[in-house]
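Student: What follows is start_33.pdb, made up of PDB, C-alpha atoms:
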```
ATOM      1  CA  MET A 123      -8.239  33.224 -76.969
ATOM      2  CA  ARG A 124      -9.615  35.620 -74.429
ATOM      3  CA  PRO A 125      -7.641  38.148 -72.402
ATOM      4  CA  SER A 126      -6.670  36.666 -69.056
ATOM      5  CA  GLY A 127      -7.983  38.084 -65.831
ATOM      6  CA  ASN A 128      -4.628  39.500 -64.777
ATOM      7  CA  GLY A 129      -3.863  41.213 -68.068
ATOM      8  CA  THR A 130      -3.081  44.614 -66.536
ATOM      9  CA  ASN A 131       0.332  46.133 -65.947
ATOM     10  CA  ILE A 132       2.084  44.013 -68.564
ATOM     11  CA  SER A 133       5.360  45.430 -69.796
ATOM     12  CA  VAL A 134       7.061  44.014 -72.857
ATOM     13  CA  LYS A 135      10.112  45.022 -74.863
ATOM     14  CA  THR A 136      10.589  43.496 -78.290
ATOM     15  CA  SER A 137      12.435  44.164 -81.501
ATOM     16  CA  LYS A 138      11.217  46.991 -83.737
ATOM     17  CA  SER A 139       9.413  44.538 -85.991
ATOM     18  CA  ALA A 140       7.265  43.143 -83.187
ATOM     19  CA  LYS A 141       3.524  43.612 -83.262
ATOM     20  CA  PRO A 142       1.861  45.297 -80.295
ATOM     21  CA  ALA A 143       0.575  43.079 -77.506
ATOM     22  CA  GLY A 144      -2.923  41.764 -78.024
ATOM     23  CA  ALA A 145      -5.304  38.876 -77.506
ATOM     24  CA  VAL A 146      -6.749  36.367 -79.951
ATOM     25  CA  ARG A 147     -10.112  34.699 -79.409
ATOM     26  CA  VAL A 148     -10.097  30.892 -79.645
ATOM     27  CA  MET A 149     -13.741  29.899 -79.693
ATOM     28  CA  ARG A 150     -16.377  31.361 -82.024
ATOM     29  CA  GLU A 151     -19.179  31.109 -79.491
ATOM     30  CA  ALA A 152     -19.462  31.666 -75.767
ATOM     31  CA  LEU A 153     -18.760  28.665 -73.567
ATOM     32  CA  PRO A 154     -20.488  27.739 -70.315
ATOM     33  CA  VAL A 155     -18.753  28.964 -67.185
ATOM     34  CA  PRO A 156     -18.738  26.481 -64.273
ATOM     35  CA  ALA A 157     -19.564  27.690 -60.770
ATOM     36  CA  GLY A 158     -16.609  29.465 -59.220
ATOM     37  CA  ALA A 159     -14.697  29.877 -62.495
ATOM     38  CA  SER A 160     -13.062  33.251 -63.099
ATOM     39  CA  CYS A 161     -12.829  32.886 -66.879
ATOM     40  CA  PRO A 162     -14.481  30.861 -69.666
ATOM     41  CA  VAL A 163     -13.259  27.339 -70.294
ATOM     42  CA  ARG A 164     -12.404  25.488 -73.483
ATOM     43  CA  ILE A 165     -14.420  22.289 -73.836
ATOM     44  CA  GLN A 166     -13.422  19.712 -76.444
ATOM     45  CA  GLN A 167     -16.178  17.463 -77.782
ATOM     46  CA  PRO A 168     -15.480  13.680 -77.462
ATOM     47  CA  TYR A 169     -13.599  12.113 -80.392
ATOM     48  CA  ALA A 170     -11.818   8.907 -81.426
ATOM     49  CA  HIS A 171      -8.032   8.808 -81.137
ATOM     50  CA  THR A 172      -5.273   6.199 -81.474
ATOM     51  CA  TYR A 173      -2.355   6.478 -79.065
ATOM     52  CA  ALA A 174       0.987   4.946 -80.065
ATOM     53  CA  PHE A 175       4.040   4.534 -77.864
ATOM     54  CA  ARG A 176       7.292   2.576 -77.978
ATOM     55  CA  VAL A 177       8.384   0.028 -75.366
ATOM     56  CA  LYS A 178      11.450   1.168 -73.431
ATOM     57  CA  PRO A 179      14.262  -1.179 -72.317
ATOM     58  CA  ALA A 180      13.062  -1.074 -68.698
ATOM     59  CA  ASP A 181       9.742  -2.641 -69.755
ATOM     60  CA  ALA A 182      11.134  -5.371 -72.022
ATOM     61  CA  GLY A 183      10.163  -8.862 -70.845
ATOM     62  CA  LYS A 184       6.846  -7.828 -69.298
ATOM     63  CA  ASN A 185       3.665  -9.210 -70.762
ATOM     64  CA  LEU A 186       1.347  -6.775 -72.500
ATOM     65  CA  LEU A 187      -1.457  -6.936 -69.940
ATOM     66  CA  SER A 188       0.831  -6.367 -66.959
ATOM     67  CA  PHE A 189       2.522  -3.472 -68.726
ATOM     68  CA  LEU A 190      -0.774  -1.759 -69.568
ATOM     69  CA  CYS A 191      -2.086  -2.133 -66.011
ATOM     70  CA  GLU A 192       1.164  -0.741 -64.605
ATOM     71  CA  ARG A 193       1.575   2.098 -67.094
ATOM     72  CA  PHE A 194      -2.106   3.132 -67.117
ATOM     73  CA  PRO A 195      -3.506   2.221 -63.675
ATOM     74  CA  PHE A 196      -6.623   4.339 -64.173
ATOM     75  CA  ARG A 197      -8.064   1.299 -66.044
ATOM     76  CA  ASP A 198      -8.194  -2.096 -64.265
ATOM     77  CA  GLU A 199      -7.178  -5.503 -65.631
ATOM     78  CA  THR A 200     -10.715  -6.371 -66.748
ATOM     79  CA  GLY A 201     -10.941  -3.147 -68.717
ATOM     80  CA  TRP A 202      -7.672  -3.788 -70.524
ATOM     81  CA  ARG A 203      -8.627  -7.412 -71.283
ATOM     82  CA  LEU A 204     -11.860  -6.221 -72.896
ATOM     83  CA  ARG A 205     -10.026  -3.647 -75.021
ATOM     84  CA  ILE A 206      -7.464  -6.210 -76.160
ATOM     85  CA  ALA A 207     -10.253  -8.685 -77.025
ATOM     86  CA  ASP A 208     -12.108  -5.989 -78.980
ATOM     87  CA  GLY A 209      -9.022  -5.337 -81.116
ATOM     88  CA  ARG A 210      -8.518  -1.819 -79.786
ATOM     89  CA  VAL A 211      -4.970  -2.687 -78.650
ATOM     90  CA  GLN A 212      -2.379  -3.685 -81.250
ATOM     91  CA  LEU A 213       1.264  -4.676 -80.951
ATOM     92  CA  ASN A 214       3.437  -3.737 -83.919
ATOM     93  CA  GLN A 215       0.247  -3.201 -85.955
ATOM     94  CA  PHE A 216      -1.042  -6.743 -85.326
ATOM     95  CA  PRO A 217      -3.826  -7.991 -83.023
ATOM     96  CA  ALA A 218      -2.427  -8.285 -79.506
ATOM     97  CA  ASP A 219      -2.438 -11.107 -76.973
ATOM     98  CA  PRO A 220      -2.570 -10.154 -73.272
ATOM     99  CA  ILE A 221       0.229 -12.594 -72.338
ATOM    100  CA  GLN A 222       2.521 -11.628 -75.224
ATOM    101  CA  LEU A 223       5.978 -10.615 -73.985
ATOM    102  CA  LEU A 224       7.263  -7.193 -74.932
ATOM    103  CA  CYS A 225      10.594  -6.349 -76.533
ATOM    104  CA  THR A 226      12.471  -3.057 -76.584
ATOM    105  CA  GLY A 227      11.213  -0.937 -79.467
ATOM    106  CA  ASP A 228       7.845  -2.666 -79.819
ATOM    107  CA  ILE A 229       5.069  -0.239 -80.742
ATOM    108  CA  ILE A 230       1.810  -0.485 -78.815
ATOM    109  CA  GLN A 231      -1.273   1.186 -80.264
ATOM    110  CA  HIS A 232      -4.447   1.785 -78.294
ATOM    111  CA  THR A 233      -7.594   3.209 -79.890
ATOM    112  CA  ASN A 234      -9.946   5.069 -77.600
ATOM    113  CA  LEU A 235     -13.300   5.548 -79.325
ATOM    114  CA  HIS A 236     -14.564   8.204 -76.951
ATOM    115  CA  VAL A 237     -11.777  10.506 -75.776
ATOM    116  CA  THR A 238     -13.000  13.114 -73.320
ATOM    117  CA  GLU A 239     -10.299  15.633 -72.519
ATOM    118  CA  PRO A 240     -10.285  17.655 -69.318
ATOM    119  CA  SER A 241     -11.321  21.249 -69.943
ATOM    120  CA  VAL A 242      -8.728  24.029 -69.787
ATOM    121  CA  PRO A 243      -9.011  27.819 -69.454
ATOM    122  CA  ASP A 244      -9.883  29.675 -72.642
ATOM    123  CA  SER A 245      -7.459  32.473 -71.863
ATOM    124  CA  VAL A 246      -4.155  32.102 -73.733
ATOM    125  CA  ARG A 247      -2.861  35.642 -74.217
ATOM    126  CA  ILE A 248      -0.523  36.782 -76.976
ATOM    127  CA  VAL A 249       1.805  39.108 -75.070
ATOM    128  CA  ALA A 250       4.230  39.947 -77.886
ATOM    129  CA  GLU A 251       5.070  38.792 -81.392
ATOM    130  CA  SER A 252       7.935  39.294 -83.839
ATOM    131  CA  PRO A 253       8.970  37.543 -87.079
ATOM    132  CA  ASP A 254      11.134  35.258 -84.908
ATOM    133  CA  PHE A 255       9.087  34.476 -81.814
ATOM    134  CA  LEU A 256       5.782  34.420 -80.008
ATOM    135  CA  LEU A 257       5.605  35.334 -76.316
ATOM    136  CA  VAL A 258       2.415  34.126 -74.635
ATOM    137  CA  GLU A 259       0.871  34.028 -71.197
ATOM    138  CA  LYS A 260      -0.137  30.399 -70.615
ATOM    139  CA  PRO A 261      -2.977  29.854 -68.159
ATOM    140  CA  ALA A 262      -3.169  26.911 -65.782
ATOM    141  CA  PRO A 263      -4.015  24.137 -65.747
ATOM    142  CA  MET A 264      -3.008  23.731 -69.386
ATOM    143  CA  PRO A 265      -0.325  21.386 -70.811
ATOM    144  CA  VAL A 266       2.193  22.865 -73.210
ATOM    145  CA  HIS A 267       2.030  20.067 -75.793
ATOM    146  CA  PRO A 268      -0.001  16.879 -76.468
ATOM    147  CA  GLY A 269       0.507  14.035 -74.020
ATOM    148  CA  GLY A 270      -1.389  11.824 -71.594
ATOM    149  CA  ARG A 271      -5.047  12.787 -71.480
ATOM    150  CA  TYR A 272      -4.494  15.896 -73.627
ATOM    151  CA  ASN A 273      -4.289  15.959 -77.415
ATOM    152  CA  ARG A 274      -6.164  19.126 -78.371
ATOM    153  CA  ASN A 275      -6.600  21.059 -75.123
ATOM    154  CA  CYS A 276      -2.956  22.139 -74.936
ATOM    155  CA  LEU A 277      -1.048  25.294 -75.750
ATOM    156  CA  THR A 278       0.588  24.246 -79.027
ATOM    157  CA  GLU A 279      -2.644  22.845 -80.477
ATOM    158  CA  ILE A 280      -4.648  25.915 -79.447
ATOM    159  CA  LEU A 281      -2.069  28.179 -81.097
ATOM    160  CA  LYS A 282      -2.060  25.948 -84.183
ATOM    161  CA  GLU A 283      -5.832  26.448 -84.510
ATOM    162  CA  ASN A 284      -5.151  30.194 -84.607
ATOM    163  CA  GLY A 285      -2.643  30.113 -87.440
ATOM    164  CA  TYR A 286       0.604  29.352 -85.569
ATOM    165  CA  ALA A 287       1.259  25.925 -87.025
ATOM    166  CA  GLU A 288       5.062  25.959 -87.216
ATOM    167  CA  LEU A 289       6.039  26.994 -83.690
ATOM    168  CA  HIS A 290       9.090  25.468 -82.006
ATOM    169  CA  LEU A 291       9.112  24.661 -78.301
ATOM    170  CA  ILE A 292      12.095  26.326 -76.629
ATOM    171  CA  HIS A 293      11.271  25.661 -72.975
ATOM    172  CA  ARG A 294       8.332  24.320 -70.966
ATOM    173  CA  LEU A 295       6.094  25.093 -68.021
ATOM    174  CA  ASP A 296       4.274  22.521 -65.916
ATOM    175  CA  ALA A 297       0.606  22.231 -66.842
ATOM    176  CA  VAL A 298      -0.330  23.547 -63.389
ATOM    177  CA  THR A 299       2.004  26.571 -63.674
ATOM    178  CA  SER A 300       0.888  29.777 -65.403
ATOM    179  CA  GLY A 301       2.813  32.612 -67.002
ATOM    180  CA  LEU A 302       5.211  33.585 -69.763
ATOM    181  CA  MET A 303       6.333  31.120 -72.420
ATOM    182  CA  LEU A 304       8.527  31.779 -75.449
ATOM    183  CA  LEU A 305       8.003  29.879 -78.706
ATOM    184  CA  GLY A 306      10.143  30.167 -81.806
ATOM    185  CA  LYS A 307       8.827  30.793 -85.299
ATOM    186  CA  ASN A 308      11.881  29.512 -87.173
ATOM    187  CA  PRO A 309      14.682  26.977 -86.535
ATOM    188  CA  ASP A 310      17.521  29.522 -86.340
ATOM    189  CA  PHE A 311      15.928  31.613 -83.595
ATOM    190  CA  SER A 312      14.778  28.500 -81.738
ATOM    191  CA  ARG A 313      18.253  26.942 -81.743
ATOM    192  CA  GLU A 314      19.850  30.165 -80.512
ATOM    193  CA  ALA A 315      17.243  30.667 -77.797
ATOM    194  CA  SER A 316      17.506  27.028 -76.673
ATOM    195  CA  ALA A 317      21.289  27.366 -76.412
ATOM    196  CA  LEU A 318      20.896  30.485 -74.271
ATOM    197  CA  PHE A 319      18.470  28.670 -71.963
ATOM    198  CA  ARG A 320      21.071  25.921 -71.514
ATOM    199  CA  SER A 321      24.018  28.286 -71.030
ATOM    200  CA  GLY A 322      22.374  30.655 -68.564
ATOM    201  CA  GLY A 323      21.780  33.510 -70.982
ATOM    202  CA  VAL A 324      18.134  33.836 -69.941
ATOM    203  CA  GLU A 325      16.854  35.766 -66.942
ATOM    204  CA  LYS A 326      13.804  34.075 -65.388
ATOM    205  CA  MET A 327      11.731  34.980 -62.367
ATOM    206  CA  TYR A 328       8.564  33.466 -60.927
ATOM    207  CA  TYR A 329       6.102  34.459 -58.237
ATOM    208  CA  ALA A 330       4.861  31.878 -55.735
ATOM    209  CA  ARG A 331       2.283  32.077 -52.995
ATOM    210  CA  VAL A 332       3.648  29.834 -50.248
ATOM    211  CA  GLN A 333       2.507  28.435 -46.934
ATOM    212  CA  GLY A 334       3.723  30.168 -43.801
ATOM    213  CA  LEU A 335       5.815  33.229 -43.055
ATOM    214  CA  PRO A 336       9.512  32.718 -43.876
ATOM    215  CA  ASP A 337      11.980  33.916 -41.228
ATOM    216  CA  TRP A 338      14.338  35.082 -43.992
ATOM    217  CA  GLU A 339      14.152  37.976 -46.446
ATOM    218  CA  GLU A 340      16.270  36.258 -49.079
ATOM    219  CA  THR A 341      17.695  32.748 -49.214
ATOM    220  CA  SER A 342      18.806  30.064 -51.653
ATOM    221  CA  CYS A 343      18.488  26.299 -51.994
ATOM    222  CA  ASP A 344      21.037  24.016 -53.662
ATOM    223  CA  GLN A 345      19.432  20.611 -53.138
ATOM    224  CA  PRO A 346      20.014  18.214 -56.100
ATOM    225  CA  ILE A 347      16.873  17.004 -57.865
ATOM    226  CA  GLY A 348      16.037  13.603 -59.352
ATOM    227  CA  ARG A 349      13.035  11.509 -60.298
ATOM    228  CA  ALA A 350      11.413   9.798 -57.329
ATOM    229  CA  LYS A 351       8.651   7.755 -58.958
ATOM    230  CA  GLY A 352       6.363   8.305 -61.902
ATOM    231  CA  PHE A 353       5.502  11.989 -62.242
ATOM    232  CA  ARG A 354       7.063  12.881 -58.882
ATOM    233  CA  PHE A 355      10.535  14.320 -58.396
ATOM    234  CA  ALA A 356      12.427  14.844 -55.148
ATOM    235  CA  CYS A 357      15.477  16.445 -53.564
ATOM    236  CA  LEU A 358      17.901  13.519 -53.738
ATOM    237  CA  PRO A 359      21.649  13.337 -53.002
ATOM    238  CA  GLU A 360      22.168  11.468 -56.284
ATOM    239  CA  GLY A 361      20.082  13.963 -58.266
ATOM    240  CA  LYS A 362      21.234  16.603 -60.724
ATOM    241  CA  PRO A 363      22.665  19.880 -59.360
ATOM    242  CA  ALA A 364      20.020  22.558 -58.846
ATOM    243  CA  ARG A 365      19.979  26.059 -57.418
ATOM    244  CA  SER A 366      17.159  28.507 -56.681
ATOM    245  CA  VAL A 367      17.131  31.952 -55.069
ATOM    246  CA  PHE A 368      14.084  33.254 -53.163
ATOM    247  CA  ARG A 369      13.072  36.694 -51.891
ATOM    248  CA  VAL A 370      10.032  37.505 -49.751
ATOM    249  CA  MET A 371       7.790  40.137 -51.327
ATOM    250  CA  THR A 372       4.734  40.133 -49.054
ATOM    251  CA  ARG A 373       3.789  38.409 -45.788
ATOM    252  CA  GLY A 374       0.169  37.854 -44.805
ATOM    253  CA  SER A 375      -1.386  36.222 -41.783
ATOM    254  CA  ALA A 376      -0.800  32.621 -42.906
ATOM    255  CA  ASN A 377       0.812  32.779 -46.362
ATOM    256  CA  SER A 378       3.465  34.788 -48.188
ATOM    257  CA  ILE A 379       4.289  35.826 -51.733
ATOM    258  CA  VAL A 380       7.844  35.054 -52.800
ATOM    259  CA  ALA A 381       9.893  35.982 -55.869
ATOM    260  CA  CYS A 382      11.745  32.923 -57.189
ATOM    261  CA  GLU A 383      14.778  32.783 -59.454
ATOM    262  CA  PRO A 384      15.580  29.334 -60.894
ATOM    263  CA  VAL A 385      19.326  29.495 -61.569
ATOM    264  CA  THR A 386      19.123  25.981 -63.037
ATOM    265  CA  GLY A 387      16.110  24.457 -64.774
ATOM    266  CA  ARG A 388      15.267  21.071 -63.247
ATOM    267  CA  THR A 389      11.777  19.606 -63.384
ATOM    268  CA  HIS A 390       9.599  20.897 -60.509
ATOM    269  CA  GLN A 391      12.661  22.710 -59.142
ATOM    270  CA  LEU A 392      10.967  25.695 -57.507
ATOM    271  CA  ARG A 393       8.162  23.562 -56.074
ATOM    272  CA  LEU A 394      10.670  21.136 -54.539
ATOM    273  CA  HIS A 395      13.057  23.772 -53.187
ATOM    274  CA  LEU A 396      10.247  25.741 -51.578
ATOM    275  CA  ALA A 397       8.950  22.566 -49.943
ATOM    276  CA  TRP A 398      12.493  21.736 -48.761
ATOM    277  CA  LEU A 399      12.678  25.162 -47.114
ATOM    278  CA  GLY A 400       9.436  24.417 -45.269
ATOM    279  CA  HIS A 401       7.248  26.740 -47.343
ATOM    280  CA  PRO A 402       5.598  24.725 -50.139
ATOM    281  CA  VAL A 403       3.436  26.426 -52.749
ATOM    282  CA  SER A 404       0.189  26.955 -50.874
ATOM    283  CA  ASP A 405      -2.044  24.828 -53.109
ATOM    284  CA  ASP A 406       0.518  22.335 -54.448
ATOM    285  CA  LEU A 407      -0.956  19.016 -53.312
ATOM    286  CA  VAL A 408       1.915  16.937 -54.681
ATOM    287  CA  TYR A 409       4.758  18.429 -52.631
ATOM    288  CA  GLN A 410       3.074  19.195 -49.350
ATOM    289  CA  PRO A 411       3.980  16.925 -46.382
ATOM    290  CA  GLY A 412       2.029  13.678 -46.320
ATOM    291  CA  ASN A 413       0.774  13.917 -49.904
ATOM    292  CA  ALA A 414       3.086  11.365 -51.520
ATOM    293  CA  HIS A 415       0.341   9.838 -53.670
ATOM    294  CA  ARG A 416      -1.743  12.901 -54.522
ATOM    295  CA  LEU A 417      -2.249  14.172 -58.057
ATOM    296  CA  GLN A 418      -2.234  17.858 -58.940
ATOM    297  CA  ASN A 419      -4.963  18.519 -61.492
ATOM    298  CA  ARG A 420      -5.653  22.173 -60.701
ATOM    299  CA  ALA A 421      -3.596  25.318 -61.138
ATOM    300  CA  ILE A 422      -1.140  26.169 -58.391
ATOM    301  CA  CYS A 423       0.069  29.580 -57.220
ATOM    302  CA  LEU A 424       3.276  29.503 -59.260
ATOM    303  CA  HIS A 425       3.522  32.107 -62.025
ATOM    304  CA  SER A 426       6.263  32.658 -64.618
ATOM    305  CA  ALA A 427       6.448  36.431 -64.320
ATOM    306  CA  HIS A 428       9.642  37.607 -66.007
ATOM    307  CA  LEU A 429      11.519  36.328 -69.049
ATOM    308  CA  ARG A 430      14.424  38.293 -70.525
ATOM    309  CA  ILE A 431      16.945  37.309 -73.195
ATOM    310  CA  PRO A 432      19.131  40.379 -73.872
ATOM    311  CA  ALA A 433      20.869  38.812 -76.872
ATOM    312  CA  LEU A 434      17.529  38.289 -78.653
ATOM    313  CA  ALA A 435      15.660  41.450 -77.581
ATOM    314  CA  VAL A 436      13.077  39.461 -75.624
ATOM    315  CA  ASP A 437      11.875  41.067 -72.397
ATOM    316  CA  GLY A 438       8.458  40.368 -70.863
ATOM    317  CA  SER A 439       7.058  40.924 -67.365
ATOM    318  CA  LEU A 440       3.741  40.096 -65.676
ATOM    319  CA  PRO A 441       2.355  41.239 -62.307
ATOM    320  CA  VAL A 442       1.498  39.077 -59.303
ATOM    321  CA  PRO A 443      -1.986  37.621 -59.936
ATOM    322  CA  SER A 444      -4.335  39.936 -58.044
ATOM    323  CA  ASP A 445      -6.381  37.152 -56.444
ATOM    324  CA  TRP A 446      -3.306  35.882 -54.578
ATOM    325  CA  TYR A 447      -3.697  38.718 -52.123
ATOM    326  CA  GLU A 448      -7.126  37.486 -51.028
ATOM    327  CA  ASN A 449      -7.009  35.785 -47.617
ATOM    328  CA  LEU A 450      -3.220  35.991 -47.647
TER     329      LEU A 450
END
```
Kindly present the structure from the file in structure tokens form.

Tutor:
Amino acid sequence: MRPSGNGTNISVKTSKSAKPAGAVRVMREALPVPAGASCPVRIQQPYAHTYAFRVKPADAGKNLLSFLCERFPFRDETGWRLRIADGRVQLNQFPADPIQLLCTGDIIQHTNLHVTEPSVPDSVRIVAESPDFLLVEKPAPMPVHPGGRYNRNCLTEILKENGYAELHLIHRLDAVTSGLMLLGKNPDFSREASALFRSGGVEKMYYARVQGLPDWEETSCDQPIGRAKGFRFACLPEGKPARSVFRVMTRGSANSIVACEPVTGRTHQLRLHLAWLGHPVSDDLVYQPGNAHRLQNRAICLHSAHLRIPALAVDGSLPVPSDWYENL
């Protein structure tokens, strides 16, 4: 792991047994830097991998081919037929038939002989460490754990390669969101920390660079949040209760930097509430008006900047990324 570009002005308080903040290098040799990149990237060589997933009740009764085309639309019907015919798709560990009807609990396996993962930044930073936890600065875009197109280019696998094989996920950040993440080293700490996240015993604050110049200094949003479709969420009357508090830090000519406090922890909460207020994250393609079908594959200007758990002596802070002030 390499130190991230915004590694200055980091303040961290930990228990007496914590090691000082530092950085751990991931790759043994230098990696090519694409044009415009601000830090090296981690490139995973192609490899074979078998994906396995269980059929949910909502998909029972569909035939295998229809399900695969619907669930994984990046490959067309002809492509899936060829993979089924080649024996690379199995149903309950037996050769599959494209018209076979699915049942709840069926296990579908798909072997991809040439997995090419998207590259991610090679800049995970160890901010603080104790016998109980690891506090890291996750770059973006980088998933937290394996899933979808990522098996090895994700935070937990990168940390595992560096000797942290038994970490417990306590909370998550979107792949496109950067900043502080806490991981537990043992079950007792992880359970206690998870309970404090659920009960409101954790202080969290993010920075966001948003479109426009808000006409308020501080405001809140209480719009409920629910799943809209696929990976997208929305402010919906029937959604789960959600509350965020926002405070303007800096106004530029066309954009602003806002401090964001997520009182609750719904998926995409800050992104949705900022968009609801008319000031979406400046480079968030998914939740800007008119972008209902866009994908967000690049980092957005949303940064987990402060994480404090008084009961567990965890207290970390990061500055606003310096490049956010450019062309503000």

Student: Go through A:Arg193, A:Pro384, A:Val163, A:Glu259 and flag the residue nearest A:Phe175, using all atoms listed in the file for the distances.

Tutor: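 The closest residue to A:Phe175 is A:Arg193.
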
Student: Taking the file as shown, what set of residues would the PyMOL selection byres ((chain A and resi 290) around 8) give back, as a VMD selection string?

Tutor: chain A and resid 288 to 289 291 to 292 305 to 309 312

Student: If the PyMOL selection byres ((chain A and resi 395-408) around 6) were run on this exact file, what residues would it hold? Put them as a short mmCIF file (atom, residue, chain, number, x, y, z; two decimals) with C-alpha atoms, in the coordinates of the input.

Tutor:
```cif
data_model
loop_
_atom_site.label_atom_id
_atom_site.label_comp_id
_atom_site.auth_asym_id
_atom_site.auth_seq_id
_atom_site.Cartn_x
_atom_site.Cartn_y
_atom_site.Cartn_z
CA ARG A 331 2.28 32.08 -53.00
CA VAL A 332 3.65 29.83 -50.25
CA GLN A 333 2.51 28.44 -46.93
CA LEU A 392 10.97 25.70 -57.51
CA ARG A 393 8.16 23.56 -56.07
CA LEU A 394 10.67 21.14 -54.54
CA TYR A 409 4.76 18.43 -52.63
CA GLN A 410 3.07 19.20 -49.35
CA ASN A 413 0.77 13.92 -49.90
CA ARG A 416 -1.74 12.90 -54.52
CA GLN A 418 -2.23 17.86 -58.94
CA ILE A 422 -1.14 26.17 -58.39
#
```

Student: Counting all atoms listed in the file, which residue out of A:Leu281, A:Ala317, A:Ala170, A:Ala218 sits closest to A:His236?

Tutor: A:Ala170

Student: For the file shown, report as a PyMOL selection string the outcome of the PyMOL selection byres ((chain A and resi 261) around 8) at residue level.

Tutor: chain A and resi 126+243+245-246+259-260+262-264+299-301
